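What follows is the content of my_file-v6.cif (mmCIF, C-alpha atoms and all ligand atoms).
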```cif
data_query
loop_
_atom_site.group_PDB
_atom_site.id
_atom_site.type_symbol
_atom_site.label_atom_id
_atom_site.label_comp_id
_atom_site.auth_asym_id
_atom_site.auth_seq_id
_atom_site.Cartn_x
_atom_site.Cartn_y
_atom_site.Cartn_z
ATOM 1 C CA MET U 27 -21.283 -39.905 55.914
ATOM 2 C CA ARG U 28 -19.235 -40.863 58.939
ATOM 3 C CA ILE U 29 -20.188 -43.929 60.974
ATOM 4 C CA GLU U 30 -18.358 -44.354 64.263
ATOM 5 C CA VAL U 31 -18.707 -47.779 65.855
ATOM 6 C CA LEU U 32 -19.015 -47.070 69.577
ATOM 7 C CA GLY U 33 -20.093 -50.618 70.376
ATOM 8 C CA SER U 34 -20.494 -53.588 68.079
ATOM 9 C CA TYR U 35 -21.312 -56.474 70.423
ATOM 10 C CA GLY U 36 -24.475 -58.139 71.694
ATOM 11 C CA GLY U 37 -23.242 -58.179 75.276
ATOM 12 C CA GLU U 38 -20.722 -56.561 77.560
ATOM 13 C CA SER U 39 -17.247 -57.516 78.812
ATOM 14 C CA LEU U 40 -13.933 -55.778 79.352
ATOM 15 C CA GLU U 41 -13.263 -55.669 75.599
ATOM 16 C CA CYS U 42 -16.805 -55.663 74.245
ATOM 17 C CA ARG U 43 -19.173 -52.703 74.255
ATOM 18 C CA MET U 44 -22.844 -53.037 73.435
ATOM 19 C CA THR U 45 -24.516 -51.963 70.214
ATOM 20 C CA CYS U 46 -24.244 -48.260 69.334
ATOM 21 C CA LEU U 47 -23.299 -46.446 66.123
ATOM 22 C CA LEU U 48 -22.720 -42.704 65.937
ATOM 23 C CA ILE U 49 -23.610 -41.099 62.609
ATOM 24 C CA ASN U 50 -21.903 -37.787 61.712
ATOM 25 C CA GLY U 51 -21.290 -37.138 65.409
ATOM 26 C CA SER U 52 -24.888 -36.161 66.180
ATOM 27 C CA VAL U 53 -27.245 -39.123 65.682
ATOM 28 C CA ALA U 54 -26.908 -42.363 67.634
ATOM 29 C CA LEU U 55 -28.258 -45.603 66.279
ATOM 30 C CA ASP U 56 -29.071 -47.582 69.427
ATOM 31 C CA ALA U 57 -27.626 -46.676 72.793
ATOM 32 C CA GLY U 58 -25.913 -49.751 74.194
ATOM 33 C CA SER U 59 -22.641 -47.907 74.903
ATOM 34 C CA LEU U 60 -23.222 -44.208 74.238
ATOM 35 C CA THR U 61 -21.908 -43.194 77.658
ATOM 36 C CA GLN U 62 -19.006 -45.652 77.891
ATOM 37 C CA ALA U 63 -17.486 -44.849 74.495
ATOM 38 C CA LEU U 64 -17.707 -41.043 74.279
ATOM 39 C CA PRO U 65 -16.437 -38.228 76.499
ATOM 40 C CA ILE U 66 -19.289 -36.161 77.960
ATOM 41 C CA LYS U 67 -18.535 -33.133 75.784
ATOM 42 C CA ARG U 68 -19.109 -35.290 72.697
ATOM 43 C CA GLN U 69 -22.244 -36.815 74.242
ATOM 44 C CA VAL U 70 -23.650 -33.267 74.444
ATOM 45 C CA GLY U 71 -23.396 -33.129 70.629
ATOM 46 C CA VAL U 72 -25.810 -36.068 70.261
ATOM 47 C CA HIS U 73 -29.366 -34.785 69.868
ATOM 48 C CA SER U 74 -31.191 -37.739 68.349
ATOM 49 C CA ILE U 75 -31.221 -41.458 69.092
ATOM 50 C CA LEU U 76 -32.857 -44.063 66.891
ATOM 51 C CA LEU U 77 -33.741 -47.294 68.623
ATOM 52 C CA SER U 78 -33.932 -50.558 66.696
ATOM 53 C CA HIS U 79 -35.744 -52.345 69.530
ATOM 54 C CA SER U 80 -36.151 -52.342 73.290
ATOM 55 C CA HIS U 81 -33.558 -54.936 74.387
ATOM 56 C CA MET U 82 -31.073 -53.776 77.000
ATOM 57 C CA ASP U 83 -27.946 -54.313 74.916
ATOM 58 C CA HIS U 84 -29.340 -51.528 72.670
ATOM 59 C CA THR U 85 -30.804 -49.182 75.277
ATOM 60 C CA SER U 86 -28.837 -49.537 78.500
ATOM 61 C CA ALA U 87 -26.894 -46.255 78.249
ATOM 62 C CA LEU U 88 -30.045 -44.141 77.783
ATOM 63 C CA PRO U 89 -30.630 -43.287 81.470
ATOM 64 C CA PHE U 90 -27.005 -42.245 82.054
ATOM 65 C CA PHE U 91 -26.714 -40.426 78.736
ATOM 66 C CA ILE U 92 -29.719 -38.275 79.554
ATOM 67 C CA GLU U 93 -28.295 -37.520 82.968
ATOM 68 C CA ASN U 94 -24.908 -36.586 81.464
ATOM 69 C CA VAL U 95 -26.329 -34.129 78.924
ATOM 70 C CA TYR U 96 -29.191 -32.839 81.061
ATOM 71 C CA GLY U 97 -29.161 -29.047 81.090
ATOM 72 C CA GLN U 98 -26.300 -28.865 78.575
ATOM 73 C CA SER U 99 -28.181 -29.846 75.425
ATOM 74 C CA PRO U 100 -30.220 -27.160 73.731
ATOM 75 C CA GLY U 101 -33.771 -28.555 73.864
ATOM 76 C CA ALA U 102 -34.953 -32.107 74.401
ATOM 77 C CA ILE U 103 -33.225 -35.277 73.241
ATOM 78 C CA ASP U 104 -35.284 -36.844 70.458
ATOM 79 C CA LEU U 105 -35.783 -40.602 70.770
ATOM 80 C CA TYR U 106 -37.091 -42.422 67.713
ATOM 81 C CA GLY U 107 -38.544 -45.907 68.072
ATOM 82 C CA SER U 108 -41.447 -48.061 66.946
ATOM 83 C CA SER U 109 -44.625 -47.856 69.028
ATOM 84 C CA ALA U 110 -43.647 -51.180 70.670
ATOM 85 C CA THR U 111 -40.140 -49.933 71.495
ATOM 86 C CA ASN U 112 -41.313 -46.577 72.830
ATOM 87 C CA TYR U 113 -43.974 -48.302 74.921
ATOM 88 C CA ALA U 114 -41.419 -50.681 76.444
ATOM 89 C CA ILE U 115 -38.901 -47.893 77.210
ATOM 90 C CA ARG U 116 -41.551 -45.779 78.901
ATOM 91 C CA LYS U 117 -43.082 -48.672 80.817
ATOM 92 C CA TYR U 118 -39.946 -50.526 81.934
ATOM 93 C CA LEU U 119 -37.142 -47.933 81.928
ATOM 94 C CA PHE U 120 -38.389 -44.350 82.395
ATOM 95 C CA ASN U 121 -41.131 -45.457 84.761
ATOM 96 C CA ASN U 122 -40.083 -43.576 87.904
ATOM 97 C CA ALA U 123 -39.115 -46.915 89.493
ATOM 98 C CA THR U 124 -36.201 -48.073 87.320
ATOM 99 C CA TRP U 125 -35.293 -44.470 86.401
ATOM 100 C CA PRO U 126 -37.054 -41.081 86.442
ATOM 101 C CA ASP U 127 -39.553 -40.291 83.691
ATOM 102 C CA PHE U 128 -37.565 -37.747 81.703
ATOM 103 C CA THR U 129 -40.524 -36.981 79.458
ATOM 104 C CA ARG U 130 -41.922 -35.111 82.486
ATOM 105 C CA LEU U 131 -38.674 -33.654 83.830
ATOM 106 C CA PRO U 132 -38.046 -30.852 84.510
ATOM 107 C CA ASN U 133 -41.729 -30.481 83.522
ATOM 108 C CA HIS U 134 -44.016 -31.797 80.808
ATOM 109 C CA LEU U 135 -43.807 -28.554 78.802
ATOM 110 C CA LEU U 136 -40.025 -28.604 78.710
ATOM 111 C CA PRO U 137 -39.086 -32.286 78.847
ATOM 112 C CA ALA U 138 -35.535 -33.650 78.689
ATOM 113 C CA VAL U 139 -36.683 -36.387 76.295
ATOM 114 C CA ARG U 140 -39.228 -36.514 73.487
ATOM 115 C CA PHE U 141 -40.406 -39.763 71.901
ATOM 116 C CA HIS U 142 -41.157 -40.016 68.187
ATOM 117 C CA GLU U 143 -42.734 -43.002 66.493
ATOM 118 C CA ILE U 144 -41.081 -44.599 63.478
ATOM 119 C CA ARG U 145 -42.905 -46.847 61.014
ATOM 120 C CA SER U 146 -41.615 -49.646 58.830
ATOM 121 C CA GLU U 147 -40.257 -48.371 55.530
ATOM 122 C CA VAL U 148 -41.245 -44.748 56.197
ATOM 123 C CA PRO U 149 -37.956 -42.828 55.878
ATOM 124 C CA LEU U 150 -37.058 -40.045 58.252
ATOM 125 C CA GLU U 151 -34.349 -37.468 57.773
ATOM 126 C CA ILE U 152 -32.218 -36.226 60.652
ATOM 127 C CA ASP U 153 -29.321 -33.794 60.183
ATOM 128 C CA GLY U 154 -29.183 -34.556 56.458
ATOM 129 C CA VAL U 155 -29.083 -38.346 56.892
ATOM 130 C CA ARG U 156 -31.988 -40.462 55.707
ATOM 131 C CA PHE U 157 -32.950 -43.450 57.842
ATOM 132 C CA THR U 158 -35.412 -46.045 56.573
ATOM 133 C CA PRO U 159 -36.577 -48.578 59.197
ATOM 134 C CA ILE U 160 -36.711 -52.109 57.765
ATOM 135 C CA PRO U 161 -38.609 -54.777 59.728
ATOM 136 C CA VAL U 162 -36.422 -57.775 60.647
ATOM 137 C CA ASP U 163 -37.149 -61.007 62.528
ATOM 138 C CA HIS U 164 -36.334 -60.937 66.235
ATOM 139 C CA LEU U 165 -37.990 -61.755 69.573
ATOM 140 C CA VAL U 166 -39.573 -58.308 69.887
ATOM 141 C CA PRO U 167 -40.576 -55.903 67.091
ATOM 142 C CA THR U 168 -37.242 -54.796 65.606
ATOM 143 C CA HIS U 169 -36.049 -52.625 62.744
ATOM 144 C CA GLY U 170 -32.802 -52.644 60.845
ATOM 145 C CA PHE U 171 -32.005 -49.364 59.084
ATOM 146 C CA LEU U 172 -31.033 -48.290 55.610
ATOM 147 C CA ILE U 173 -28.793 -45.275 56.246
ATOM 148 C CA GLU U 174 -28.309 -42.917 53.298
ATOM 149 C CA ALA U 175 -26.296 -39.719 52.918
ATOM 150 C CA ASP U 176 -23.810 -38.143 50.515
ATOM 151 C CA GLY U 177 -24.846 -40.538 47.719
ATOM 152 C CA ALA U 178 -23.942 -43.658 49.734
ATOM 153 C CA ALA U 179 -26.125 -46.251 51.448
ATOM 154 C CA VAL U 180 -25.369 -48.619 54.314
ATOM 155 C CA LEU U 181 -27.733 -51.358 55.444
ATOM 156 C CA TRP U 182 -27.556 -52.374 59.121
ATOM 157 C CA SER U 183 -29.619 -55.301 60.372
ATOM 158 C CA SER U 184 -29.797 -54.768 64.133
ATOM 159 C CA ASP U 185 -30.722 -58.133 65.743
ATOM 160 C CA THR U 186 -32.268 -60.693 63.446
ATOM 161 C CA GLY U 187 -32.688 -64.358 62.689
ATOM 162 C CA PRO U 188 -33.388 -65.515 59.143
ATOM 163 C CA THR U 189 -35.194 -62.639 57.441
ATOM 164 C CA GLN U 190 -36.504 -61.526 54.074
ATOM 165 C CA ARG U 191 -37.282 -57.857 53.597
ATOM 166 C CA LEU U 192 -33.762 -56.710 54.517
ATOM 167 C CA TRP U 193 -32.329 -58.653 51.575
ATOM 168 C CA GLU U 194 -34.977 -57.371 49.166
ATOM 169 C CA ILE U 195 -34.010 -53.817 50.177
ATOM 170 C CA ALA U 196 -30.291 -54.661 49.806
ATOM 171 C CA ASN U 197 -30.856 -56.027 46.309
ATOM 172 C CA ARG U 198 -32.712 -52.958 45.089
ATOM 173 C CA THR U 199 -30.631 -50.206 46.740
ATOM 174 C CA ARG U 200 -28.321 -48.373 44.383
ATOM 175 C CA ASN U 201 -25.037 -47.162 45.844
ATOM 176 C CA LEU U 202 -25.153 -49.783 48.582
ATOM 177 C CA ARG U 203 -21.660 -49.712 50.080
ATOM 178 C CA LEU U 204 -21.941 -51.975 53.100
ATOM 179 C CA VAL U 205 -24.235 -54.522 54.762
ATOM 180 C CA CYS U 206 -23.927 -55.167 58.504
ATOM 181 C CA ILE U 207 -25.612 -58.347 59.673
ATOM 182 C CA ASP U 208 -26.158 -60.101 63.013
ATOM 183 C CA THR U 209 -23.934 -63.068 63.809
ATOM 184 C CA SER U 210 -24.452 -63.511 67.530
ATOM 185 C CA PHE U 211 -23.577 -67.118 68.324
ATOM 186 C CA ASP U 212 -21.148 -69.759 67.108
ATOM 187 C CA ASN U 213 -22.475 -72.846 65.321
ATOM 188 C CA ALA U 214 -22.500 -75.030 68.464
ATOM 189 C CA LEU U 215 -25.132 -72.684 69.926
ATOM 190 C CA GLN U 216 -27.469 -72.973 66.925
ATOM 191 C CA GLU U 217 -30.408 -73.950 69.112
ATOM 192 C CA ILE U 218 -30.045 -70.828 71.267
ATOM 193 C CA ALA U 219 -29.633 -68.709 68.133
ATOM 194 C CA ASP U 220 -32.820 -70.198 66.677
ATOM 195 C CA VAL U 221 -34.999 -69.609 69.731
ATOM 196 C CA SER U 222 -33.623 -66.103 70.336
ATOM 197 C CA LEU U 223 -33.802 -65.194 66.616
ATOM 198 C CA HIS U 224 -30.170 -64.489 65.888
ATOM 199 C CA LEU U 225 -27.745 -65.887 63.297
ATOM 200 C CA THR U 226 -24.685 -68.127 63.505
ATOM 201 C CA PRO U 227 -21.975 -68.494 60.828
ATOM 202 C CA GLN U 228 -23.888 -71.417 59.261
ATOM 203 C CA THR U 229 -27.261 -69.614 59.110
ATOM 204 C CA LEU U 230 -25.460 -66.441 57.984
ATOM 205 C CA VAL U 231 -24.177 -68.298 54.915
ATOM 206 C CA ARG U 232 -27.748 -69.346 54.078
ATOM 207 C CA GLU U 233 -28.952 -65.766 54.534
ATOM 208 C CA LEU U 234 -26.249 -64.431 52.220
ATOM 209 C CA GLU U 235 -27.662 -66.583 49.403
ATOM 210 C CA LYS U 236 -30.527 -64.041 49.357
ATOM 211 C CA LEU U 237 -28.078 -61.196 48.669
ATOM 212 C CA HIS U 238 -27.664 -60.809 44.905
ATOM 213 C CA VAL U 239 -25.378 -57.778 44.760
ATOM 214 C CA GLU U 240 -21.657 -57.642 45.395
ATOM 215 C CA VAL U 241 -21.125 -55.641 48.540
ATOM 216 C CA PRO U 242 -18.886 -56.025 51.597
ATOM 217 C CA VAL U 243 -20.606 -57.772 54.501
ATOM 218 C CA LEU U 244 -19.542 -56.985 58.057
ATOM 219 C CA LEU U 245 -20.732 -59.048 61.009
ATOM 220 C CA HIS U 246 -21.858 -57.480 64.274
ATOM 221 C CA HIS U 247 -23.621 -58.269 67.555
ATOM 222 C CA LEU U 248 -21.278 -61.126 68.482
ATOM 223 C CA LYS U 249 -21.930 -62.370 72.014
ATOM 224 C CA PRO U 250 -18.693 -61.881 74.029
ATOM 225 C CA PRO U 251 -18.208 -65.574 74.995
ATOM 226 C CA CYS U 252 -18.610 -66.595 71.313
ATOM 227 C CA VAL U 253 -16.204 -64.109 69.710
ATOM 228 C CA GLU U 254 -13.223 -66.426 69.226
ATOM 229 C CA ARG U 255 -15.256 -69.359 67.902
ATOM 230 C CA ILE U 256 -17.231 -67.131 65.514
ATOM 231 C CA HIS U 257 -13.967 -65.671 64.170
ATOM 232 C CA SER U 258 -12.511 -69.114 63.470
ATOM 233 C CA GLU U 259 -15.754 -70.412 61.924
ATOM 234 C CA ILE U 260 -15.904 -67.381 59.603
ATOM 235 C CA GLU U 261 -12.228 -67.712 58.733
ATOM 236 C CA ALA U 262 -12.830 -71.352 57.781
ATOM 237 C CA LEU U 263 -15.403 -70.222 55.200
ATOM 238 C CA GLY U 264 -12.630 -68.556 53.158
ATOM 239 C CA ARG U 265 -14.914 -65.680 52.114
ATOM 240 C CA PRO U 266 -13.007 -62.417 51.559
ATOM 241 C CA ASP U 267 -16.330 -60.548 51.218
ATOM 242 C CA ILE U 268 -17.149 -61.214 54.914
ATOM 243 C CA GLY U 269 -15.489 -59.251 57.725
ATOM 244 C CA PHE U 270 -16.341 -57.836 61.145
ATOM 245 C CA LEU U 271 -17.731 -54.441 62.113
ATOM 246 C CA GLU U 272 -14.867 -53.135 64.224
ATOM 247 C CA GLN U 273 -15.557 -51.427 67.511
ATOM 248 C CA GLY U 274 -13.767 -48.068 67.737
ATOM 249 C CA LYS U 275 -13.362 -47.785 63.962
ATOM 250 C CA VAL U 276 -14.764 -44.941 61.863
ATOM 251 C CA TYR U 277 -16.251 -45.878 58.472
ATOM 252 C CA GLU U 278 -16.566 -43.023 55.995
ATOM 253 C CA PHE U 279 -18.648 -42.995 52.822
ATOM 254 C CA SER U 280 -18.974 -40.287 50.194
HETATM 255 ZN ZN ZN U 301 -29.062 -57.211 70.843
HETATM 256 ZN ZN ZN U 302 -32.331 -58.035 70.710
#
```

Please rewrite the model in this file as structure tokens.
Ligand SMILES: [Zn+2]
Ligand SMILES: [Zn+2]
Amino acid sequence: MRIEVLGSYGGESLECRMTCLLINGSVALDAGSLTQALPIKRQVGVHSILLSHSHMDHTSALPFFIENVYGQSPGAIDLYGSSATNYAIRKYLFNNATWPDFTRLPNHLLPAVRFHEIRSEVPLEIDGVRFTPIPVDHLVPTHGFLIEADGAAVLWSSDTGPTQRLWEIANRTRNLRLVCIDTSFDNALQEIADVSLHLTPQTLVRELEKLHVEVPVLLHHLKPPCVERIHSEIEALGRPDIGFLEQGKVYEFS
């Protein structure tokens, strides 16, 4: 299993691209930077996109991605999201006001985009990779994903504040090789983290007490203005098991 980190941040700046992982070159997990991080000929190889939730830092490349691959992809692009996510994308993004409704273009029998509904803890398999949506705790209905292929498992939180089920899944998953967890704000912004349901280094440490297996933990979804402070607060913890999910890096598991 090959996981390419196209974007690992919870916001955008010159150095920071928004959340998007590419699995085995063909399945995107969120679409915050699908168009900014890949040449168009590689975008054409992406046929399926799983969405963790509807927030813009996870969906903003969708309109431009569909335009880039339109007419070049064999068949429709498959979008997988919860009923709440799919509803929000259709109502607020592909609504013919913000952007054309690609579920009816070029016509409803041959659409450019097809929506599929995912359900909590019901696995789906795409291109030989098994994705299990795990409900996490965020402002809107959100799923993290357990990603399994080639005998290896990776658990990715998407956006979450303090949560429970994710850690239960981590503790019972054999062959778990990596956990990626939200750390969006530095400790001084704890109040903002609490109301927006994200973690800071200090609440991360409390969350990690729920993890009872030894596995590397990589932090993601840092907000661009907080990056330096988060790095120094994590460094001060002196925990070699905690690192950062690196944008542009390819993680391979077999
Ligand atoms: Zn986000
Ligand atoms: Zn969010």

When the PyMOL selection byres (((chain U and resi 128-134) around 10) and not hetatm) is applied to the structure above, which residues does it catch, written out as a list in words?
Pro89, Ile92, Glu93, Tyr96, Gly97, Ala102, Ile103, Arg116, Phe120, Asn121, Asn122, Trp125, Pro126, Asp127, Leu135, Leu136, Pro137, Ala138, Val139, Arg140 and Phe141 of chain U

Resolved residues for the PyMOL selection byres (((not hetatm)) within 9 of (chain U and resi 302)) as an mmCIF file with C-alpha atoms, in the frame of the given file:
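Output (part_11.cif):
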```cif
data_model
loop_
_atom_site.group_PDB
_atom_site.id
_atom_site.type_symbol
_atom_site.label_atom_id
_atom_site.label_comp_id
_atom_site.auth_asym_id
_atom_site.auth_seq_id
_atom_site.Cartn_x
_atom_site.Cartn_y
_atom_site.Cartn_z
ATOM 1 C CA GLY U 36 -24.475 -58.139 71.694
ATOM 2 C CA SER U 78 -33.932 -50.558 66.696
ATOM 3 C CA HIS U 79 -35.744 -52.345 69.530
ATOM 4 C CA SER U 80 -36.151 -52.342 73.290
ATOM 5 C CA HIS U 81 -33.558 -54.936 74.387
ATOM 6 C CA MET U 82 -31.073 -53.776 77.000
ATOM 7 C CA ASP U 83 -27.946 -54.313 74.916
ATOM 8 C CA HIS U 84 -29.340 -51.528 72.670
ATOM 9 C CA HIS U 164 -36.334 -60.937 66.235
ATOM 10 C CA LEU U 165 -37.990 -61.755 69.573
ATOM 11 C CA VAL U 166 -39.573 -58.308 69.887
ATOM 12 C CA THR U 168 -37.242 -54.796 65.606
ATOM 13 C CA SER U 184 -29.797 -54.768 64.133
ATOM 14 C CA ASP U 185 -30.722 -58.133 65.743
ATOM 15 C CA THR U 186 -32.268 -60.693 63.446
ATOM 16 C CA SER U 222 -33.623 -66.103 70.336
ATOM 17 C CA LEU U 223 -33.802 -65.194 66.616
ATOM 18 C CA HIS U 224 -30.170 -64.489 65.888
#
```

Would you give me, as a Markdown table, each residue of region 134-228 of chain U having an atom within 9 Å of an atom of region 37-55 of chain U, along with its shortest atom pair and that distance in Å to one decimal, using all atoms listed in the file and sorting by chain and residue number?
```
| residue | atom | partner | partner_atom | distance |
| --- | --- | --- | --- | --- |
| U:Ile152 | CA | U:Val53 | CA | 7.6 |
| U:Asp153 | CA | U:Ser52 | CA | 7.8 |
| U:Val155 | CA | U:Ile49 | CA | 8.4 |
| U:Phe171 | CA | U:Leu55 | CA | 8.9 |
| U:Ser184 | CA | U:Thr45 | CA | 8.5 |
```

Chain and number of each residue from the PyMOL selection byres (((chain U and resi 247) around 7) and not hetatm), as a ChimeraX atom specification
/U:34-36,45,208-210,246,248-249

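Distance-wise, CA of Glu259 (chain U) and CA of Glu235 (chain U) end up 17.7 Å apart.
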
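Compared by their closest atoms to Asn94 (chain U), and using only C-alpha atoms, the residues U:Val231, U:Val72, U:Ala219, U:Leu271 rank with U:Val72 nearest.
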
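Taking CA of Gly58 (chain U) and CA of Ala214 (chain U) as the two end points, the separation is 26.1 Å.
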
Edge lengths and centre in Å to one decimal, as AutoDock Vina command-line options, is what I'm after for the box along x, y and z that holds all listed atoms of region 124-130 of chain U once 8 Å is added on each side.
```
--center_x -38.6 --center_y -41.6 --center_z 83.4 --size_x 22.6 --size_y 29.0 --size_z 23.9
```

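In this model, the gap between CA of Leu32 (chain U) and CA of Ser280 (chain U) comes to 20.5 Å.
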
Nearest residue to ligand ZN 301 (chain U) out of U:Leu263, U:Ile207, U:Leu202, U:Ala178, using only C-alpha atoms and all ligand atoms?
U:Ile207

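Among U:Gly154, U:Val253, U:Leu244, U:Glu147, the residue with the shortest atom-to-atom distance to Arg203 (chain U), counting all atoms listed in the file, is U:Leu244.
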
May I ask which of the residues U:Asp212, U:Asp56, U:Glu174, U:Glu151 is the closest one to Gly107 (chain U), counting all atoms listed in the file?
U:Asp56

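Minimum atom-to-atom distance to Gly177 (chain U), evaluated using all atoms listed in the file, belongs to U:Glu278 out of U:Gly269, U:Glu194, U:Ala63, U:Glu278.
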